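Novice: Below are the structure tokens for one structure; questions will follow.
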Amino acid sequence: MLAAVIALTALAAVFGLVLGFAAIHFKVQGNPLADKIDALLPQTQCGQCSYAGCRPYAEAIAKGEADINQCPPGGETTILALAQLLGRDPKPLNAEHGMVKPKMLAVIDEQLCIGCTLCIQACPVDAILGAAKQMHTVIAGECTGCELCLPPCPVDCIRMVPVQADLGSWKWPQPVELASAGNFG
Amino acid sequence: MKQKLWRFPGGLHLAGHKSESTSVPVTKARLPNRLVLPLQQHIGEPAKPLVAPGDRVLKGQMIAAASGYVSVPLHAPTSGTVIEIAEYPIPHPSGLSAPCIVIESDGTDKWCERRPLAHYQTLEPSALRNVLREAGIVGLGGAGFPTFIKLNPGPDRKVDTLILNGAECEPYITCDDMLMRERADEIVAGLAIMRHALQAAHCIIGIEDNKPDACAAIAQALRKVGMIDMRVMQVPTRYPAGGEKQLIQVLTGKEVPSNGLPIHIGIVCHNVATAAAVYRAIMHGEPLIARYVTITSAGTGAGVHAPRNLEVLFGTPMRELIEQCSGALTPGFQTIMGGPMMGFAVHDTAAPVIKTTHCVLVTQQATTAPALPCIRCGACVEACPASLLPQQLYWHARAKEFDKTQDYNLFDCIECGACAAVCPSNIPLVQYYRYAKGEIWTREREKQKADVARQRHEFRLARLAQEKADREARHAEKKAALALKQAQQEEKIH
């Protein structure tokens, strides 16, 4: 009886030391789950999810504070990917956060722009170029279409235009099945 | 001489319909008034225009330069004046328009200065490749990949076998057949040049056994120049024997690895028409400005009444070719670029013939039979020449499980359409695979874009934090200086 108690205590002490050592020396920096979630988000940094960007939203999901269906730019694709990563059931996009829209691009009307730099300060990815009292312009390739530059503009010279399909981005559409072909799964 | 041949898995026997368009010799198509030349006629970056509206150009003059490595220049197919550089319909499944150079021909067809290189043997392979690049030569079998890249095996790779693909396995198409019959000498000479560029040990010309005339012509051309180490081999007529990987397997018994290229097993494969173009470029100094095109129709009830092959200048509208072959486009007919298996419907017949146009096929508008449920009969698996599982790919593509389609090697699919042709339920299988491939590519592009956006956002946050810290530091400094000054003044008063 006593031998067993001593043996178990000794074992517990040894394992405790090992685990304690590992917890300090092999501690993973940062939050690996949040990193994985962040990698699946579209990085528009638009804040429609009610967080201050994609990273904060990813951290909130990792902590269990936010749901996986709050990202309109990511749409169904992102929700499915998140559901798979987290082992949850996919659910439809929460309409409170917005609707799925086609890809947009901000365009500044350079005739109207007064060079106030407010949009430059609002752009989360530094995609607007310009200086005080100089004309501003959008670097089309870097714009994520987040629309954050629209509200601060005092002269409403920014508008969102849909991204045009060109040969480079064209893809074959999903085939339309004429008959209601159910599967004999 | 009977050579040992292997076989590829799957495949189909299809009605050839080749004799319709091989009864008359090839003639030149009429010179059109206006030629519309898309800047992108090849795989890779589009060419950059070198001319402006109003410029006079001569036949063979370079009108657009290559931009980037995977790109080739574009040349004026005839002499005339550049009218405009603008968006015009191009032959593409999307039906989109793309930037084109439009030339109004002056009818004289006057050549620019040509520089033949009679002694190509004295040239380094790299110099030879440069000449071919400047001549705008791309693979004429249909894909349009720049030829000079495929003639560059890389520094540490040796080419064992150079294969010329004259299989032309798709029904209705006969342009390679006619080219082999009429220009066998040029093909053989082109093969010798390609061989010099690659330093290949062996050369094989593979031709399907439904083209005995072409085979005899090539064999005779080989005898004439005494090329005893180049062989012609007849391969059994079985679709898709003209697929690059399939032809290699039939001729050599070697299988191109999944996600690999033929060069990885020491083989390079070119089309016979490309070889002829290489000959014209080197021995006559002529860039690629024209090609043989089959104009024919499928099915009953007219379309093209006099199907044939024409030598067509790039930029010629397809509509004019159809008219020249006593064809008319009545409602209910559609024009397909390519064959019935792998071609696509052209939305506008004003679209021009480009480097990759081997066939203009007029067919009755397909009344798509409704797709029925998959009954898991497995016919597609037996037909697949790439040893894939088409029905698994179909399930997963349909369910948008694109990761799983890749697990089933979606990207080894050559889109030959054999699976869809045998499907008893009329499921448009190839469309599903194209859709899945497109989605996967789009997602990859979007992922890259998202990564860049994340980087820029993180950089911005770091920059803002740094600016704030700097500001606070300056503030603290000023405060400290002020405090010191006050302390000194107080000391003075005391």
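Residues in the structure tokens are named by chain (A, B, ... in the order shown) and by number from 1 within that chain; ligands are numbered from 1 in the order shown.
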Give one line per residue of chain A that approaches chain B to at most 12 Å, naming the two atoms of the closest pair and their distance in Å to one decimal, counting only C-alpha atoms; sort by chain then ascending residue number and deliver it as CSV.

Specialist:
```
residue,atom,partner,partner_atom,distance
A:Asp35,CA,B:Arg454,CA,11.7
A:Asp38,CA,B:Arg454,CA,9.2
A:Ala39,CA,B:Asp451,CA,7.9
A:Leu40,CA,B:Lys447,CA,8.3
A:Leu41,CA,B:Ala450,CA,7.9
A:Pro42,CA,B:Ala450,CA,5.6
A:Gln43,CA,B:Ala450,CA,5.2
A:Thr44,CA,B:Ala453,CA,7.1
A:Gln45,CA,B:His457,CA,7.9
A:Cys46,CA,B:His457,CA,11.2
A:Ala52,CA,B:His457,CA,11.5
A:Gly53,CA,B:His457,CA,9.1
A:Cys54,CA,B:Arg454,CA,8.5
A:Arg55,CA,B:Arg454,CA,8.8
A:Pro56,CA,B:Glu458,CA,12.0
A:Pro73,CA,B:Ala450,CA,11.6
A:Gly74,CA,B:Glu446,CA,10.5
A:Glu76,CA,B:Lys400,CA,11.1
A:Thr77,CA,B:Arg443,CA,9.5
A:Thr78,CA,B:Arg443,CA,10.8
A:Leu80,CA,B:Glu401,CA,10.1
A:Ala81,CA,B:Glu401,CA,10.5
A:Gln84,CA,B:Glu401,CA,11.4
A:Lys103,CA,B:Glu446,CA,11.1
A:Ile120,CA,B:Arg460,CA,11.4
A:Gln121,CA,B:Arg460,CA,10.2
A:Ala122,CA,B:Arg460,CA,11.1
A:Cys123,CA,B:His457,CA,9.1
A:Pro124,CA,B:His457,CA,5.7
A:Val125,CA,B:His457,CA,4.7
A:Asp126,CA,B:Arg456,CA,6.9
A:Ala127,CA,B:Arg456,CA,8.8
A:Gly141,CA,B:Lys449,CA,8.9
A:Glu142,CA,B:Ala453,CA,7.0
A:Cys143,CA,B:Ala453,CA,8.4
A:Thr144,CA,B:Ala453,CA,7.4
A:Gly145,CA,B:Ala453,CA,11.1
A:Cys146,CA,B:Ala453,CA,11.3
A:Gln164,CA,B:Leu96,CA,11.1
A:Ala165,CA,B:Leu96,CA,8.7
A:Asp166,CA,B:Leu96,CA,7.4
A:Leu167,CA,B:Leu96,CA,7.2
A:Gly168,CA,B:Thr442,CA,9.9
A:Ser169,CA,B:Thr442,CA,7.3
A:Trp170,CA,B:Ser94,CA,7.1
A:Lys171,CA,B:Gly438,CA,5.0
A:Trp172,CA,B:Tyr435,CA,4.9
A:Pro173,CA,B:Tyr435,CA,5.8
A:Gln174,CA,B:Tyr435,CA,5.6
A:Pro175,CA,B:Gln431,CA,6.2
A:Val176,CA,B:Pro428,CA,9.1
A:Glu177,CA,B:Ala371,CA,6.1
A:Leu178,CA,B:Pro370,CA,5.1
A:Ala179,CA,B:Pro370,CA,5.2
A:Ser180,CA,B:Leu372,CA,8.0
A:Ala181,CA,B:Pro373,CA,5.0
A:Gly182,CA,B:Pro373,CA,6.0
A:Asn183,CA,B:Pro373,CA,5.4
A:Phe184,CA,B:Pro373,CA,6.8
A:Gly185,CA,B:Cys374,CA,8.8
```

Novice: Quick one: DSSP helix (DSSP H, G or I) residues in segment 129-201 of chain B, as number ranges by chain?

Specialist: B: 129-134, 147-150, 175-182, 184-198

Novice: Just how far from atom CA of Ile158 of chain A is atom CA of Ile128 of chain A, in Å to one decimal?

Specialist: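 Taking atom CA of Ile128 of chain A and atom CA of Ile158 of chain A, their separation equals 11.2 Å.
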
Novice: Based on the backbone DSSP call, show me all residues of segment 13-149 of chain A assigned strand (DSSP E or B), as an mmCIF file with N, CA, C and O atoms, in the first residue's frame.

Specialist:
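That gives us selection.cif:
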```cif
data_model
loop_
_atom_site.group_PDB
_atom_site.id
_atom_site.type_symbol
_atom_site.label_atom_id
_atom_site.label_comp_id
_atom_site.auth_asym_id
_atom_site.auth_seq_id
_atom_site.Cartn_x
_atom_site.Cartn_y
_atom_site.Cartn_z
ATOM 1 N N MET A 104 -15.392 44.778 -55.656
ATOM 2 C CA MET A 104 -15.427 46.180 -56.023
ATOM 3 C C MET A 104 -14.044 46.807 -55.922
ATOM 4 O O MET A 104 -13.145 46.259 -55.286
ATOM 5 N N LEU A 105 -13.962 47.972 -56.546
ATOM 6 C CA LEU A 105 -12.691 48.695 -56.571
ATOM 7 C C LEU A 105 -13.032 50.173 -56.365
ATOM 8 O O LEU A 105 -13.967 50.682 -56.966
ATOM 9 N N ALA A 106 -12.277 50.853 -55.485
ATOM 10 C CA ALA A 106 -12.534 52.277 -55.263
ATOM 11 C C ALA A 106 -11.884 53.094 -56.367
ATOM 12 O O ALA A 106 -10.768 52.796 -56.777
ATOM 13 N N VAL A 107 -12.628 54.101 -56.864
ATOM 14 C CA VAL A 107 -12.070 54.992 -57.884
ATOM 15 C C VAL A 107 -12.294 56.427 -57.422
ATOM 16 O O VAL A 107 -13.400 56.795 -57.025
ATOM 17 N N ILE A 108 -11.235 57.230 -57.436
ATOM 18 C CA ILE A 108 -11.343 58.632 -57.020
ATOM 19 C C ILE A 108 -11.565 59.492 -58.264
ATOM 20 O O ILE A 108 -10.851 59.349 -59.250
ATOM 21 N N ILE A 128 -4.031 54.131 -51.234
ATOM 22 C CA ILE A 128 -4.315 55.445 -51.827
ATOM 23 C C ILE A 128 -3.051 56.288 -51.741
ATOM 24 O O ILE A 128 -2.377 56.336 -50.718
ATOM 25 N N LEU A 129 -2.759 56.900 -52.868
ATOM 26 C CA LEU A 129 -1.517 57.648 -53.001
ATOM 27 C C LEU A 129 -1.865 59.130 -53.109
ATOM 28 O O LEU A 129 -2.806 59.493 -53.804
ATOM 29 N N THR A 137 -5.008 59.297 -55.664
ATOM 30 C CA THR A 137 -5.472 58.254 -56.583
ATOM 31 C C THR A 137 -5.342 56.888 -55.932
ATOM 32 O O THR A 137 -4.543 56.707 -55.013
ATOM 33 N N VAL A 138 -6.143 55.944 -56.404
ATOM 34 C CA VAL A 138 -6.158 54.598 -55.829
ATOM 35 C C VAL A 138 -5.206 53.695 -56.615
ATOM 36 O O VAL A 138 -5.234 53.706 -57.841
#
```

Novice: Using only C-alpha atoms, which of B:Asp403, B:Glu382, B:Asp348, B:Glu104 sits nearest Tyr88 of chain B?

Specialist: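 Selected residue with least distance to Tyr88 of chain B: B:Asp348.
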
Novice: Pro99 of chain B: which residues within 10 Å, counting only C-alpha atoms, same-chain residues fewer than 4 positions away excluded, as a ChimeraX atom specification?

Specialist: /B:36-40,46,49,85-90

Novice: Excluding same-chain residues fewer than 3 positions from segment 243-245 of chain B, what lies within 8 Å of it counting only C-alpha atoms, as a list in words?

Specialist: Asn165, Pro240, Ile248, Gln249, Glu255, Val256, Pro262, Cys269 and Ile414 of chain B

Novice: I need the chosen residues saved as a PDB file, in the first residue's frame, with all heavy atoms.

Specialist:
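What follows is the written file selection.pdb:
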```pdb
ATOM      1  N   ASN B 165       4.607  15.250 -83.388  1.00  0.00           N
ATOM      2  CA  ASN B 165       3.247  14.764 -83.231  1.00  0.00           C
ATOM      3  C   ASN B 165       2.451  15.034 -84.508  1.00  0.00           C
ATOM      4  O   ASN B 165       2.101  16.171 -84.810  1.00  0.00           O
ATOM      5  CB  ASN B 165       2.606  15.472 -82.022  1.00  0.00           C
ATOM      6  CG  ASN B 165       1.244  14.928 -81.694  1.00  0.00           C
ATOM      7  OD1 ASN B 165       0.624  14.231 -82.506  1.00  0.00           O
ATOM      8  ND2 ASN B 165       0.770  15.234 -80.505  1.00  0.00           N
ATOM      9  N   PRO B 240      -7.586   9.639 -77.412  1.00  0.00           N
ATOM     10  CA  PRO B 240      -6.772  10.746 -77.911  1.00  0.00           C
ATOM     11  C   PRO B 240      -5.293  10.364 -78.085  1.00  0.00           C
ATOM     12  O   PRO B 240      -4.472  10.775 -77.272  1.00  0.00           O
ATOM     13  CB  PRO B 240      -6.927  11.786 -76.817  1.00  0.00           C
ATOM     14  CG  PRO B 240      -7.052  10.966 -75.548  1.00  0.00           C
ATOM     15  CD  PRO B 240      -7.553   9.611 -75.927  1.00  0.00           C
ATOM     16  N   ILE B 248       3.439   9.915 -76.344  1.00  0.00           N
ATOM     17  CA  ILE B 248       4.725   9.510 -75.768  1.00  0.00           C
ATOM     18  C   ILE B 248       4.618   8.092 -75.235  1.00  0.00           C
ATOM     19  O   ILE B 248       5.508   7.254 -75.454  1.00  0.00           O
ATOM     20  CB  ILE B 248       5.143  10.497 -74.650  1.00  0.00           C
ATOM     21  CG1 ILE B 248       5.539  11.838 -75.259  1.00  0.00           C
ATOM     22  CG2 ILE B 248       6.280   9.932 -73.807  1.00  0.00           C
ATOM     23  CD1 ILE B 248       5.742  12.948 -74.248  1.00  0.00           C
ATOM     24  N   GLN B 249       3.497   7.807 -74.584  1.00  0.00           N
ATOM     25  CA  GLN B 249       3.327   6.462 -74.012  1.00  0.00           C
ATOM     26  C   GLN B 249       3.247   5.400 -75.112  1.00  0.00           C
ATOM     27  O   GLN B 249       3.833   4.328 -74.992  1.00  0.00           O
ATOM     28  CB  GLN B 249       2.068   6.436 -73.146  1.00  0.00           C
ATOM     29  CG  GLN B 249       2.060   5.299 -72.160  1.00  0.00           C
ATOM     30  CD  GLN B 249       0.949   5.443 -71.132  1.00  0.00           C
ATOM     31  OE1 GLN B 249       0.194   6.404 -71.141  1.00  0.00           O
ATOM     32  NE2 GLN B 249       0.864   4.469 -70.240  1.00  0.00           N
ATOM     33  N   GLU B 255       5.807   6.773 -69.233  1.00  0.00           N
ATOM     34  CA  GLU B 255       4.674   7.571 -68.791  1.00  0.00           C
ATOM     35  C   GLU B 255       5.192   8.881 -68.195  1.00  0.00           C
ATOM     36  O   GLU B 255       6.100   8.859 -67.366  1.00  0.00           O
ATOM     37  CB  GLU B 255       3.888   6.798 -67.735  1.00  0.00           C
ATOM     38  CG  GLU B 255       2.453   7.189 -67.683  1.00  0.00           C
ATOM     39  CD  GLU B 255       1.644   6.282 -66.760  1.00  0.00           C
ATOM     40  OE1 GLU B 255       2.007   5.095 -66.599  1.00  0.00           O
ATOM     41  OE2 GLU B 255       0.678   6.778 -66.195  1.00  0.00           O
ATOM     42  N   VAL B 256       4.624   9.998 -68.642  1.00  0.00           N
ATOM     43  CA  VAL B 256       5.002  11.293 -68.074  1.00  0.00           C
ATOM     44  C   VAL B 256       4.450  11.353 -66.657  1.00  0.00           C
ATOM     45  O   VAL B 256       3.271  11.090 -66.441  1.00  0.00           O
ATOM     46  CB  VAL B 256       4.421  12.447 -68.924  1.00  0.00           C
ATOM     47  CG1 VAL B 256       4.789  13.793 -68.325  1.00  0.00           C
ATOM     48  CG2 VAL B 256       4.906  12.352 -70.354  1.00  0.00           C
ATOM     49  N   PRO B 262       7.160  16.204 -70.129  1.00  0.00           N
ATOM     50  CA  PRO B 262       7.888  15.171 -70.874  1.00  0.00           C
ATOM     51  C   PRO B 262       9.403  15.286 -70.712  1.00  0.00           C
ATOM     52  O   PRO B 262      10.105  14.274 -70.675  1.00  0.00           O
ATOM     53  CB  PRO B 262       7.462  15.438 -72.318  1.00  0.00           C
ATOM     54  CG  PRO B 262       6.138  16.084 -72.221  1.00  0.00           C
ATOM     55  CD  PRO B 262       6.172  16.897 -70.968  1.00  0.00           C
ATOM     56  N   CYS B 269       8.190  16.912 -77.177  1.00  0.00           N
ATOM     57  CA  CYS B 269       7.196  16.614 -78.206  1.00  0.00           C
ATOM     58  C   CYS B 269       6.733  17.919 -78.861  1.00  0.00           C
ATOM     59  O   CYS B 269       6.375  18.865 -78.169  1.00  0.00           O
ATOM     60  CB  CYS B 269       6.022  15.893 -77.544  1.00  0.00           C
ATOM     61  SG  CYS B 269       4.839  15.227 -78.694  1.00  0.00           S
ATOM     62  N   ILE B 414      -6.605  15.977 -69.125  1.00  0.00           N
ATOM     63  CA  ILE B 414      -6.241  16.735 -70.325  1.00  0.00           C
ATOM     64  C   ILE B 414      -7.476  17.275 -71.037  1.00  0.00           C
ATOM     65  O   ILE B 414      -7.380  17.795 -72.144  1.00  0.00           O
ATOM     66  CB  ILE B 414      -5.399  15.878 -71.289  1.00  0.00           C
ATOM     67  CG1 ILE B 414      -6.166  14.616 -71.707  1.00  0.00           C
ATOM     68  CG2 ILE B 414      -4.063  15.501 -70.658  1.00  0.00           C
ATOM     69  CD1 ILE B 414      -5.531  13.890 -72.875  1.00  0.00           C
TER      70      ILE B 414
END
```

Novice: What separation in Å, quoted to one decimal, exists between atom CA of Pro212 of chain B and atom CA of Val362 of chain B?

Specialist: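 Here the two named atoms are 26.6 Å from each other.
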
Novice: Determine, counting only C-alpha atoms, which protein, DNA and RNA residues have an atom within 10 Å of an atom of Pro287 of chain B; residues of the same chain fewer than 5 positions away are not included. Present the result as a VMD selection string.

Specialist: chain B and resid 59 to 62 73 to 77 114 131 to 137 277 to 278 280 to 282

Novice: Env of Tyr57 of chain A: 9 Å cut, atoms = only C-alpha atoms, seq-sep filter 4 positions within chain, self excluded. Answer as a ChimeraX atom specification.

Specialist: /A:34,37-38,47,49-53,61-62,66,70

Novice: Would you mind exporting the chosen residues as an mmCIF file, in the first residue's frame, restricted to N, CA, C and O atoms?

Specialist:
```cif
data_model
loop_
_atom_site.group_PDB
_atom_site.id
_atom_site.type_symbol
_atom_site.label_atom_id
_atom_site.label_comp_id
_atom_site.auth_asym_id
_atom_site.auth_seq_id
_atom_site.Cartn_x
_atom_site.Cartn_y
_atom_site.Cartn_z
ATOM 1 N N ALA A 34 -5.531 31.358 -34.080
ATOM 2 C CA ALA A 34 -5.892 32.651 -34.675
ATOM 3 C C ALA A 34 -5.141 32.851 -35.995
ATOM 4 O O ALA A 34 -5.693 33.387 -36.956
ATOM 5 N N ILE A 37 -6.918 30.839 -38.627
ATOM 6 C CA ILE A 37 -8.185 31.469 -39.007
ATOM 7 C C ILE A 37 -7.908 32.697 -39.865
ATOM 8 O O ILE A 37 -8.536 32.917 -40.896
ATOM 9 N N ASP A 38 -6.919 33.483 -39.438
ATOM 10 C CA ASP A 38 -6.575 34.705 -40.168
ATOM 11 C C ASP A 38 -6.186 34.374 -41.613
ATOM 12 O O ASP A 38 -6.509 35.113 -42.542
ATOM 13 N N GLY A 47 -13.898 45.608 -41.657
ATOM 14 C CA GLY A 47 -14.560 45.818 -40.380
ATOM 15 C C GLY A 47 -16.046 45.507 -40.364
ATOM 16 O O GLY A 47 -16.731 45.813 -39.393
ATOM 17 N N CYS A 49 -17.398 42.806 -39.928
ATOM 18 C CA CYS A 49 -17.638 41.778 -38.929
ATOM 19 C C CYS A 49 -17.807 42.387 -37.539
ATOM 20 O O CYS A 49 -18.026 41.680 -36.568
ATOM 21 N N SER A 50 -17.649 43.729 -37.436
ATOM 22 C CA SER A 50 -17.715 44.513 -36.205
ATOM 23 C C SER A 50 -16.413 44.448 -35.417
ATOM 24 O O SER A 50 -16.359 44.920 -34.284
ATOM 25 N N TYR A 51 -15.379 43.891 -35.989
ATOM 26 C CA TYR A 51 -14.055 43.971 -35.367
ATOM 27 C C TYR A 51 -13.191 44.907 -36.203
ATOM 28 O O TYR A 51 -13.545 45.244 -37.341
ATOM 29 N N ALA A 52 -12.032 45.299 -35.667
ATOM 30 C CA ALA A 52 -11.251 46.359 -36.303
ATOM 31 C C ALA A 52 -10.385 45.855 -37.459
ATOM 32 O O ALA A 52 -9.441 46.508 -37.851
ATOM 33 N N GLY A 53 -10.692 44.688 -37.991
ATOM 34 C CA GLY A 53 -9.883 44.148 -39.086
ATOM 35 C C GLY A 53 -9.948 42.643 -39.057
ATOM 36 O O GLY A 53 -10.623 42.053 -38.204
ATOM 37 N N ILE A 61 -12.756 34.837 -33.019
ATOM 38 C CA ILE A 61 -13.274 33.494 -33.318
ATOM 39 C C ILE A 61 -12.504 32.456 -32.505
ATOM 40 O O ILE A 61 -13.076 31.538 -31.918
ATOM 41 N N ALA A 62 -11.181 32.637 -32.437
ATOM 42 C CA ALA A 62 -10.351 31.670 -31.715
ATOM 43 C C ALA A 62 -10.756 31.608 -30.243
ATOM 44 O O ALA A 62 -10.763 30.542 -29.630
ATOM 45 N N ALA A 66 -16.708 35.299 -31.277
ATOM 46 C CA ALA A 66 -17.415 35.659 -32.514
ATOM 47 C C ALA A 66 -17.788 34.395 -33.269
ATOM 48 O O ALA A 66 -17.154 33.351 -33.121
ATOM 49 N N GLN A 70 -19.650 35.988 -40.026
ATOM 50 C CA GLN A 70 -19.763 37.438 -39.954
ATOM 51 C C GLN A 70 -18.945 38.150 -41.026
ATOM 52 O O GLN A 70 -18.704 39.343 -40.930
#
```

Novice: Which is closer to Gly16 of chain B than all the others in B:Arg238, B:Arg463, B:His358, B:Arg291, using only C-alpha atoms?

Specialist: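 Nearest to Gly16 of chain B: B:Arg238.
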
Novice: Please provide the set of residues having any atom within 12 Å of Glu323 of chain B, restricted to only C-alpha atoms, with same-chain residues fewer than 3 positions apart removed, written as number ranges by chain.

Specialist: B: 29-30, 295-296, 303-307, 317-320, 326-330, 349-350, 360, 362

Novice: Go ahead and compute the interatomic distance for atom CA of Gly190 of chain B and atom CA of Ala276 of chain B, in Å to one decimal.

Specialist: 5.4 Å
